[in-house]
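Remarks on the structure that follows.
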Amino acid sequence: MERLNQVLLHEKSRVGADLEAWLAHCDGLKIALQEPTAIIPLIKEAGLRGLGGSGFPTHYKWTMLAEQTNSKEKYLICNGNEDEPGTFKDSILLEKTPHQVIEGAMIAALATGINRIVFYINPDLEEAIANMQKAVKQWEESEFYFKVSDHIKQPLNFSVLPSSGHYIGGEETATIETVEGKFPFPRRKPPYPAEKGVYGCPTLINNIETLCNVPHILKNGAKWFQDLGIDDAYGTKIYSLSGDVLSPGVYELPMGTSLSELINDYGGGMLLNKKFKAVFTGGPSNTLLTPKDLDVHLDFDSVAARRSGLGTGAMIVISEGTGIVKRVAEYVSFFAHSSCGQCPSCKTGTYYIAMLLNKIDTGRGRRADLDALINLCEILPGSGRCGLINGAVKALESSLYHFMGEYEHSLK
Ligand SMILES: Cc1cc2nc3c(=O)[nH]c(=O)nc-3n(C[C@H](O)[C@H](O)[C@H](O)COP(=O)(O)O)c2cc1C
Ligand code: SF4
């Protein structure tokens, strides 16, 4: 238990909108200002990876932004849309640690020459939005604001923007559309945001948890960050644990903590002592892990080695007795309702899958319906402009792989 809340959720980080208390705890930006060119190499050495779902190395994106020297304006969108079922970590960081978020964003701006920082927040998070607004004002009056502006040779501009609240609005190019005041329709890539983002300007999109790690890396160094994790995994991870466990909640643990440890030591074990059946990892947009995976280390590479994905670190646990077809039908319905409708295969495909799953779950399905689901798993992935459709299919495909017997048993 002593491994809990080590860094980002440490009580000294959870100071709300009290800048003095935050600066007494962390002086990452002060250190960053001494040698701004050393920031990206340090982030690279630390091995920080994006915690919004992809695990993409943070320094790559920052380097791409820093290399864009022809544009007068550059944007950073701090992605706090957080609308995937089972993920509830960024909301806590925004509510309780607004200064940690802002300092991470200011260090990113200093390293890359970004002059416009947008805190893009799910509109349901009213406390987070209010705290971020208060905290931004405090930074704007601080000496650090002027020092960063001096370094980037123009005034740093902050804005706190409630997102549309749509799940799809968290996809990186959809965040750009929203910042431009439009509906969050994902864009075709390339061009990538680092080349052409908000109003055609180079744009960096980072997750809130990713940015929160940055001040601590500056303060404590790369080796310190690496040593927080287990084996080859670095840093901590905030896991959102939900479903059939005794103590659901957010747990900040060493990156690479095992699934069994998360469920049993921190989550209090299974609800009503039921048997563990499976877990939807990274929200429901990844493949399922089953009892044989309880020993898996919850880091990007170890989970990928089990043909799943860590995603946002959300773990939705289900116990024996839970109908897998019904649960997958609920999640696919969520994806169907969230589809923006630009790609016919996604709009019709997700609805069609949801319809077939409902049919099977309610005992009306036939073998041909099951065959149609198997076929859709082959033809749909990669057919859309963004990752939503792939996520919807992954959950289905993996449930078919692990629980085919349950599907067959439900047929008419
Ligand atoms: C449908 C969809 C929804 C997404 N929602 C979010 C979100 O709410 N927050 C987030 O940080 N990333 C979200 N992402 C991932 C972003 O596209 C992007 O990879 C991420 O913000 C980059 O930050 P990182 O490099 O710090 O992880 C979403 C992706 C997809 C495909
Ligand atoms: S894959 Fe789906 S959500 Fe993504 S752009 Fe196409 S229709 Fe929209």
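Identifiers in this document derive from the order of the structure tokens: chains are assigned A, B, ..., residues are numbered from 1 separately in each chain, and ligands are numbered from 1 in order of occurrence.
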
Would you return as a VMD selection string the members of segment 74-250 of chain A that DSSP assigns to strand (DSSP E or B) on this structure's backbone?
chain A and resid 75 to 80 116 to 121 157 to 162 203 to 207 236 to 243 245 249 to 250

How about saving the chosen residues, N, CA and C atoms kept, as a short mmCIF file (atom, residue, chain, number, x, y, z; two decimals), in the first residue's frame?
data_model
loop_
_atom_site.label_atom_id
_atom_site.label_comp_id
_atom_site.auth_asym_id
_atom_site.auth_seq_id
_atom_site.Cartn_x
_atom_site.Cartn_y
_atom_site.Cartn_z
N TYR A 75 0.58 26.11 -31.30
CA TYR A 75 -0.43 25.78 -30.28
C TYR A 75 -0.06 24.52 -29.50
N LEU A 76 -0.47 24.53 -28.24
CA LEU A 76 -0.47 23.30 -27.43
C LEU A 76 -1.91 23.08 -26.95
N ILE A 77 -2.46 21.92 -27.27
CA ILE A 77 -3.79 21.58 -26.73
C ILE A 77 -3.58 20.54 -25.64
N CYS A 78 -3.95 20.92 -24.42
CA CYS A 78 -3.82 20.00 -23.28
C CYS A 78 -5.13 19.25 -23.19
N ASN A 79 -5.08 17.98 -23.56
CA ASN A 79 -6.30 17.21 -23.83
C ASN A 79 -6.92 16.64 -22.55
N GLY A 80 -7.98 17.31 -22.09
CA GLY A 80 -8.71 16.84 -20.91
C GLY A 80 -10.15 16.53 -21.26
N ARG A 116 0.70 29.60 -27.72
CA ARG A 116 -0.73 29.52 -27.34
C ARG A 116 -1.03 28.17 -26.69
N ILE A 117 -1.46 28.25 -25.44
CA ILE A 117 -1.77 27.02 -24.70
C ILE A 117 -3.27 26.96 -24.45
N VAL A 118 -3.90 25.87 -24.89
CA VAL A 118 -5.35 25.71 -24.70
C VAL A 118 -5.58 24.54 -23.74
N PHE A 119 -6.22 24.82 -22.63
CA PHE A 119 -6.61 23.74 -21.72
C PHE A 119 -8.02 23.31 -22.14
N TYR A 120 -8.08 22.15 -22.72
CA TYR A 120 -9.28 21.66 -23.40
C TYR A 120 -9.94 20.64 -22.47
N ILE A 121 -11.08 21.04 -21.88
CA ILE A 121 -11.61 20.28 -20.73
C ILE A 121 -13.06 19.86 -20.97
N ASN A 157 0.03 32.91 -24.38
CA ASN A 157 -1.43 33.10 -24.29
C ASN A 157 -2.08 31.81 -23.76
N PHE A 158 -2.85 31.96 -22.69
CA PHE A 158 -3.56 30.79 -22.14
C PHE A 158 -5.04 30.91 -22.45
N SER A 159 -5.71 29.77 -22.70
CA SER A 159 -7.16 29.79 -22.66
C SER A 159 -7.67 28.48 -22.08
N VAL A 160 -8.79 28.59 -21.36
CA VAL A 160 -9.43 27.40 -20.80
C VAL A 160 -10.70 27.19 -21.60
N LEU A 161 -10.72 26.09 -22.37
CA LEU A 161 -11.82 25.89 -23.31
C LEU A 161 -12.63 24.62 -22.97
N PRO A 162 -13.90 24.77 -22.59
CA PRO A 162 -14.71 23.55 -22.42
C PRO A 162 -14.87 22.89 -23.79
N THR A 203 0.86 22.32 -34.19
CA THR A 203 0.09 22.11 -32.96
C THR A 203 0.52 20.82 -32.28
N LEU A 204 0.75 20.94 -30.98
CA LEU A 204 1.09 19.78 -30.16
C LEU A 204 -0.13 19.42 -29.34
N ILE A 205 -0.48 18.14 -29.31
CA ILE A 205 -1.60 17.70 -28.46
C ILE A 205 -1.03 16.72 -27.45
N ASN A 206 -1.19 17.03 -26.19
CA ASN A 206 -0.75 16.11 -25.13
C ASN A 206 -1.85 15.88 -24.12
N ASN A 207 -1.83 14.70 -23.57
CA ASN A 207 -2.77 14.33 -22.52
C ASN A 207 -2.40 15.03 -21.19
N THR A 236 5.22 6.60 -13.00
CA THR A 236 4.05 6.01 -12.36
C THR A 236 2.92 5.99 -13.39
N LYS A 237 1.83 5.33 -13.03
CA LYS A 237 0.64 5.35 -13.90
C LYS A 237 -0.58 5.51 -13.00
N ILE A 238 -1.49 6.37 -13.44
CA ILE A 238 -2.75 6.46 -12.70
C ILE A 238 -3.73 5.51 -13.38
N TYR A 239 -4.03 4.42 -12.68
CA TYR A 239 -4.98 3.43 -13.19
C TYR A 239 -6.38 3.81 -12.71
N SER A 240 -7.36 3.80 -13.62
CA SER A 240 -8.76 4.00 -13.23
C SER A 240 -9.36 2.60 -13.11
N LEU A 241 -9.66 2.20 -11.89
CA LEU A 241 -10.16 0.84 -11.65
C LEU A 241 -11.66 0.89 -11.38
N SER A 242 -12.42 0.10 -12.14
CA SER A 242 -13.87 0.11 -11.94
C SER A 242 -14.44 -1.27 -12.22
N GLY A 243 -15.73 -1.42 -12.03
CA GLY A 243 -16.38 -2.70 -12.27
C GLY A 243 -16.54 -3.48 -10.98
N VAL A 245 -15.13 -4.76 -8.43
CA VAL A 245 -14.10 -4.83 -7.37
C VAL A 245 -14.65 -4.13 -6.14
N GLY A 249 -11.67 3.01 -7.99
CA GLY A 249 -11.11 4.36 -7.78
C GLY A 249 -9.89 4.58 -8.63
N VAL A 250 -9.19 5.70 -8.38
CA VAL A 250 -7.93 5.94 -9.11
C VAL A 250 -6.77 5.57 -8.20
#

Could you tell me, counting only C-alpha atoms and all ligand atoms, which protein and nucleic acid residues lie no more than 8 Å from ligand 1, written as a ChimeraX atom specification?
/A:49-58,61,78-84,167-173,205-211,386-388,391

Which residues of chain A sit at most 8 Å from ligand 2, using only C-alpha atoms and all ligand atoms? Give each one's shortest atom pair and distance in Å (one decimal place), in chain and ascending residue order, as a tab-separated table.
residue	atom	partner	partner_atom_place_in_ligand_line	distance
A:Ile168	CA	ligand 2	3 (S)	6.2
A:Phe185	CA	ligand 2	5 (S)	6.2
A:Pro186	CA	ligand 2	5 (S)	4.9
A:Arg187	CA	ligand 2	5 (S)	7.1
A:Ser338	CA	ligand 2	3 (S)	6.8
A:Ser339	CA	ligand 2	3 (S)	4.0
A:Cys340	CA	ligand 2	8 (Fe)	3.9
A:Gly341	CA	ligand 2	7 (S)	4.0
A:Gln342	CA	ligand 2	7 (S)	4.1
A:Cys343	CA	ligand 2	7 (S)	4.0
A:Pro344	CA	ligand 2	7 (S)	6.5
A:Ser345	CA	ligand 2	7 (S)	7.3
A:Cys346	CA	ligand 2	2 (Fe)	4.5
A:Lys347	CA	ligand 2	7 (S)	5.5
A:Ser383	CA	ligand 2	1 (S)	7.2
A:Gly384	CA	ligand 2	1 (S)	3.7
A:Arg385	CA	ligand 2	6 (Fe)	4.5
A:Cys386	CA	ligand 2	4 (Fe)	4.0
A:Gly387	CA	ligand 2	4 (Fe)	6.0
A:Leu388	CA	ligand 2	4 (Fe)	5.1
A:Ile389	CA	ligand 2	1 (S)	5.0
A:Asn390	CA	ligand 2	1 (S)	7.8

Let me see the file: selected residues, N, CA and C atoms, as a PDB file, in the first residue's frame.
ATOM      1  N   ILE A 168     -15.725  11.637 -29.271  1.00  0.00           N
ATOM      2  CA  ILE A 168     -14.868  11.801 -30.451  1.00  0.00           C
ATOM      3  C   ILE A 168     -14.055  13.106 -30.377  1.00  0.00           C
ATOM      4  N   PHE A 185     -15.140  16.967 -35.936  1.00  0.00           N
ATOM      5  CA  PHE A 185     -14.950  15.937 -36.966  1.00  0.00           C
ATOM      6  C   PHE A 185     -13.451  15.663 -37.099  1.00  0.00           C
ATOM      7  N   PRO A 186     -12.997  14.435 -36.863  1.00  0.00           N
ATOM      8  CA  PRO A 186     -11.567  14.157 -37.080  1.00  0.00           C
ATOM      9  C   PRO A 186     -11.153  14.481 -38.520  1.00  0.00           C
ATOM     10  N   ARG A 187      -9.903  14.921 -38.645  1.00  0.00           N
ATOM     11  CA  ARG A 187      -9.379  15.249 -39.982  1.00  0.00           C
ATOM     12  C   ARG A 187      -8.598  14.076 -40.537  1.00  0.00           C
ATOM     13  N   SER A 338     -21.167   7.463 -30.561  1.00  0.00           N
ATOM     14  CA  SER A 338     -20.083   8.454 -30.561  1.00  0.00           C
ATOM     15  C   SER A 338     -19.504   8.692 -31.951  1.00  0.00           C
ATOM     16  N   SER A 339     -19.801   7.783 -32.893  1.00  0.00           N
ATOM     17  CA  SER A 339     -19.235   7.942 -34.234  1.00  0.00           C
ATOM     18  C   SER A 339     -19.674   9.282 -34.824  1.00  0.00           C
ATOM     19  N   CYS A 340     -18.730   9.983 -35.456  1.00  0.00           N
ATOM     20  CA  CYS A 340     -19.092  11.302 -35.991  1.00  0.00           C
ATOM     21  C   CYS A 340     -19.793  11.178 -37.332  1.00  0.00           C
ATOM     22  N   GLY A 341     -19.759   9.989 -37.937  1.00  0.00           N
ATOM     23  CA  GLY A 341     -20.538   9.743 -39.141  1.00  0.00           C
ATOM     24  C   GLY A 341     -19.862  10.112 -40.447  1.00  0.00           C
ATOM     25  N   GLN A 342     -18.598  10.536 -40.405  1.00  0.00           N
ATOM     26  CA  GLN A 342     -17.939  10.911 -41.666  1.00  0.00           C
ATOM     27  C   GLN A 342     -17.617   9.708 -42.537  1.00  0.00           C
ATOM     28  N   CYS A 343     -17.325   8.560 -41.895  1.00  0.00           N
ATOM     29  CA  CYS A 343     -16.921   7.382 -42.668  1.00  0.00           C
ATOM     30  C   CYS A 343     -18.082   6.385 -42.634  1.00  0.00           C
ATOM     31  N   PRO A 344     -18.658   6.074 -43.784  1.00  0.00           N
ATOM     32  CA  PRO A 344     -19.818   5.180 -43.806  1.00  0.00           C
ATOM     33  C   PRO A 344     -19.559   3.852 -43.100  1.00  0.00           C
ATOM     34  N   SER A 345     -18.335   3.311 -43.258  1.00  0.00           N
ATOM     35  CA  SER A 345     -18.057   2.005 -42.642  1.00  0.00           C
ATOM     36  C   SER A 345     -18.173   2.081 -41.128  1.00  0.00           C
ATOM     37  N   CYS A 346     -17.801   3.214 -40.552  1.00  0.00           N
ATOM     38  CA  CYS A 346     -17.856   3.375 -39.095  1.00  0.00           C
ATOM     39  C   CYS A 346     -19.287   3.606 -38.651  1.00  0.00           C
ATOM     40  N   LYS A 347     -19.952   4.530 -39.317  1.00  0.00           N
ATOM     41  CA  LYS A 347     -21.312   4.870 -38.882  1.00  0.00           C
ATOM     42  C   LYS A 347     -22.239   3.654 -38.985  1.00  0.00           C
ATOM     43  N   SER A 383     -10.676   1.037 -41.726  1.00  0.00           N
ATOM     44  CA  SER A 383     -11.508   1.610 -42.785  1.00  0.00           C
ATOM     45  C   SER A 383     -11.986   3.020 -42.452  1.00  0.00           C
ATOM     46  N   GLY A 384     -11.678   3.505 -41.273  1.00  0.00           N
ATOM     47  CA  GLY A 384     -12.136   4.840 -40.871  1.00  0.00           C
ATOM     48  C   GLY A 384     -10.991   5.836 -40.836  1.00  0.00           C
ATOM     49  N   ARG A 385     -11.368   7.082 -40.687  1.00  0.00           N
ATOM     50  CA  ARG A 385     -10.396   8.167 -40.663  1.00  0.00           C
ATOM     51  C   ARG A 385      -9.664   8.230 -39.318  1.00  0.00           C
ATOM     52  N   CYS A 386     -10.301   7.752 -38.253  1.00  0.00           N
ATOM     53  CA  CYS A 386      -9.654   7.817 -36.945  1.00  0.00           C
ATOM     54  C   CYS A 386      -9.742   6.467 -36.235  1.00  0.00           C
ATOM     55  N   GLY A 387      -9.272   6.444 -34.999  1.00  0.00           N
ATOM     56  CA  GLY A 387      -9.145   5.172 -34.277  1.00  0.00           C
ATOM     57  C   GLY A 387     -10.430   4.662 -33.654  1.00  0.00           C
ATOM     58  N   LEU A 388     -11.535   5.408 -33.733  1.00  0.00           N
ATOM     59  CA  LEU A 388     -12.747   4.976 -33.031  1.00  0.00           C
ATOM     60  C   LEU A 388     -13.228   3.609 -33.514  1.00  0.00           C
ATOM     61  N   ILE A 389     -13.263   3.450 -34.807  1.00  0.00           N
ATOM     62  CA  ILE A 389     -13.802   2.194 -35.342  1.00  0.00           C
ATOM     63  C   ILE A 389     -12.914   1.002 -34.952  1.00  0.00           C
ATOM     64  N   ASN A 390     -11.607   1.205 -34.931  1.00  0.00           N
ATOM     65  CA  ASN A 390     -10.705   0.101 -34.557  1.00  0.00           C
ATOM     66  C   ASN A 390     -10.949  -0.324 -33.112  1.00  0.00           C
TER      67      ASN A 390
END

Close residues, Ser398 of chain A itself excluded, 10 Å, only C-alpha atoms, min 5 positions apart in chain, as a list of chain:residue names:
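Here the answer would be A:Phe280, A:Asn286, A:Thr287, A:Leu288, A:Leu289, A:Arg307, A:Ser308, A:Val328, A:Cys377, A:Val393, A:Phe403, A:Met404.
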
Fewer than 4 positions away in the same chain doesn't count, so skip those; otherwise give me all residues within 7 Å of His99 of chain A, counting only C-alpha atoms, as a list in words.
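The residues that qualify are Ala17, Leu19, Trp22, Glu103 and Ala135 of chain A.
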
Using N, CA and C atoms, can you write the selected residues to a file as a PDB file, in the first residue's frame?
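File again.pdb, as written:
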ATOM      1  N   ALA A  17      -5.904  25.467  -6.415  1.00  0.00           N
ATOM      2  CA  ALA A  17      -5.404  26.667  -7.104  1.00  0.00           C
ATOM      3  C   ALA A  17      -4.582  27.532  -6.145  1.00  0.00           C
ATOM      4  N   LEU A  19      -0.964  28.686  -5.829  1.00  0.00           N
ATOM      5  CA  LEU A  19       0.318  28.689  -6.541  1.00  0.00           C
ATOM      6  C   LEU A  19       1.512  28.671  -5.583  1.00  0.00           C
ATOM      7  N   TRP A  22       2.121  25.215  -4.426  1.00  0.00           N
ATOM      8  CA  TRP A  22       2.659  24.384  -5.500  1.00  0.00           C
ATOM      9  C   TRP A  22       4.153  24.689  -5.725  1.00  0.00           C
ATOM     10  N   GLU A 103       2.079  24.022 -15.135  1.00  0.00           N
ATOM     11  CA  GLU A 103       3.549  24.069 -15.184  1.00  0.00           C
ATOM     12  C   GLU A 103       4.077  23.109 -16.256  1.00  0.00           C
ATOM     13  N   ALA A 135      -6.301  29.199 -11.475  1.00  0.00           N
ATOM     14  CA  ALA A 135      -4.860  28.918 -11.466  1.00  0.00           C
ATOM     15  C   ALA A 135      -4.147  29.633 -12.617  1.00  0.00           C
TER      16      ALA A 135
END

Where in segment 134-222 of chain A does DSSP assign helix (DSSP H, G or I), given as a short mmCIF file (atom, residue, chain, number, x, y, z; two decimals) with C-alpha atoms, in the first residue's frame?
data_model
loop_
_atom_site.label_atom_id
_atom_site.label_comp_id
_atom_site.auth_asym_id
_atom_site.auth_seq_id
_atom_site.Cartn_x
_atom_site.Cartn_y
_atom_site.Cartn_z
CA LYS A 134 -8.26 30.57 -11.17
CA ALA A 135 -4.86 28.92 -11.47
CA VAL A 136 -4.17 30.38 -14.93
CA LYS A 137 -4.75 33.90 -13.58
CA GLN A 138 -2.16 33.30 -10.86
CA TRP A 139 0.45 32.17 -13.37
CA GLU A 140 -0.29 35.17 -15.63
CA GLU A 143 7.44 36.17 -12.78
CA PHE A 144 7.53 32.82 -14.60
CA TYR A 145 4.93 33.95 -17.11
CA PHE A 146 7.16 36.88 -18.15
CA LYS A 147 10.30 34.75 -18.22
CA VAL A 148 8.73 32.16 -20.52
CA SER A 149 7.28 34.94 -22.73
CA ASP A 150 10.75 36.53 -22.92
CA HIS A 151 12.28 33.25 -24.00
CA ILE A 152 9.72 32.56 -26.73
CA TYR A 167 -16.13 11.27 -26.91
CA ILE A 168 -14.87 11.80 -30.45
CA GLY A 169 -13.83 15.34 -29.44
CA GLY A 170 -10.81 13.80 -27.64
CA GLU A 172 -6.33 14.75 -31.64
CA THR A 173 -7.49 16.26 -34.94
CA ALA A 174 -11.03 16.64 -33.52
CA THR A 175 -9.56 18.75 -30.71
CA ILE A 176 -8.14 21.03 -33.39
CA GLU A 177 -11.52 21.41 -35.08
CA THR A 178 -13.10 22.27 -31.73
CA VAL A 179 -10.48 24.89 -30.93
CA VAL A 198 -5.09 24.90 -35.37
CA TYR A 199 -5.64 27.51 -38.14
CA GLY A 200 -2.84 25.82 -40.11
CA ILE A 208 -3.18 15.90 -19.07
CA GLU A 209 -1.41 13.08 -17.21
CA THR A 210 1.52 13.24 -19.66
CA LEU A 211 1.99 16.94 -18.98
CA CYS A 212 1.71 16.50 -15.20
CA ASN A 213 4.82 14.31 -15.21
CA VAL A 214 6.98 16.98 -16.82
CA PRO A 215 7.65 19.35 -13.85
CA HIS A 216 8.70 16.38 -11.70
CA ILE A 217 11.12 15.09 -14.34
CA LEU A 218 12.71 18.54 -14.53
CA LYS A 219 12.97 18.71 -10.76
CA ASN A 220 14.18 15.18 -10.04
CA ALA A 222 15.54 11.20 -15.76
#

Write out as a ChimeraX atom specification which residues come within 8 Å of Ser319 of chain A when counting only C-alpha atoms, dropping same-chain ones fewer than 6 positions away.
/A:244,270,274-278

Contacts of Leu33 of chain A within 10 Å, only C-alpha atoms, excl. fewer than 3 positions in-chain, as an mmCIF file with C-alpha atoms, in the first residue's frame:
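Output contents, as saved in result34.cif:
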data_model
loop_
_atom_site.group_PDB
_atom_site.id
_atom_site.type_symbol
_atom_site.label_atom_id
_atom_site.label_comp_id
_atom_site.auth_asym_id
_atom_site.auth_seq_id
_atom_site.Cartn_x
_atom_site.Cartn_y
_atom_site.Cartn_z
ATOM 1 C CA GLY A 28 10.547 22.238 -12.378
ATOM 2 C CA LEU A 29 9.915 25.364 -14.448
ATOM 3 C CA LYS A 30 12.592 27.316 -12.564
ATOM 4 C CA PRO A 36 15.605 25.470 -22.141
ATOM 5 C CA THR A 37 17.524 23.543 -24.832
ATOM 6 C CA ALA A 38 18.145 20.742 -22.322
ATOM 7 C CA ILE A 39 14.414 20.080 -21.776
ATOM 8 C CA ILE A 107 7.664 23.744 -19.800
ATOM 9 C CA LEU A 110 9.420 26.773 -23.362
ATOM 10 C CA ALA A 111 10.970 23.714 -25.010
ATOM 11 C CA PHE A 144 7.535 32.820 -14.598
ATOM 12 C CA LYS A 147 10.303 34.747 -18.219
ATOM 13 C CA VAL A 148 8.727 32.164 -20.523
ATOM 14 C CA HIS A 151 12.278 33.254 -23.998
#

Rank nothing, just name the residue among A:Ile43, A:Leu65, A:Ala304, A:Leu9 nearest to Ile92 of chain A, using only C-alpha atoms.
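That would be A:Leu9, the residue with the smallest distance to Ile92 of chain A.
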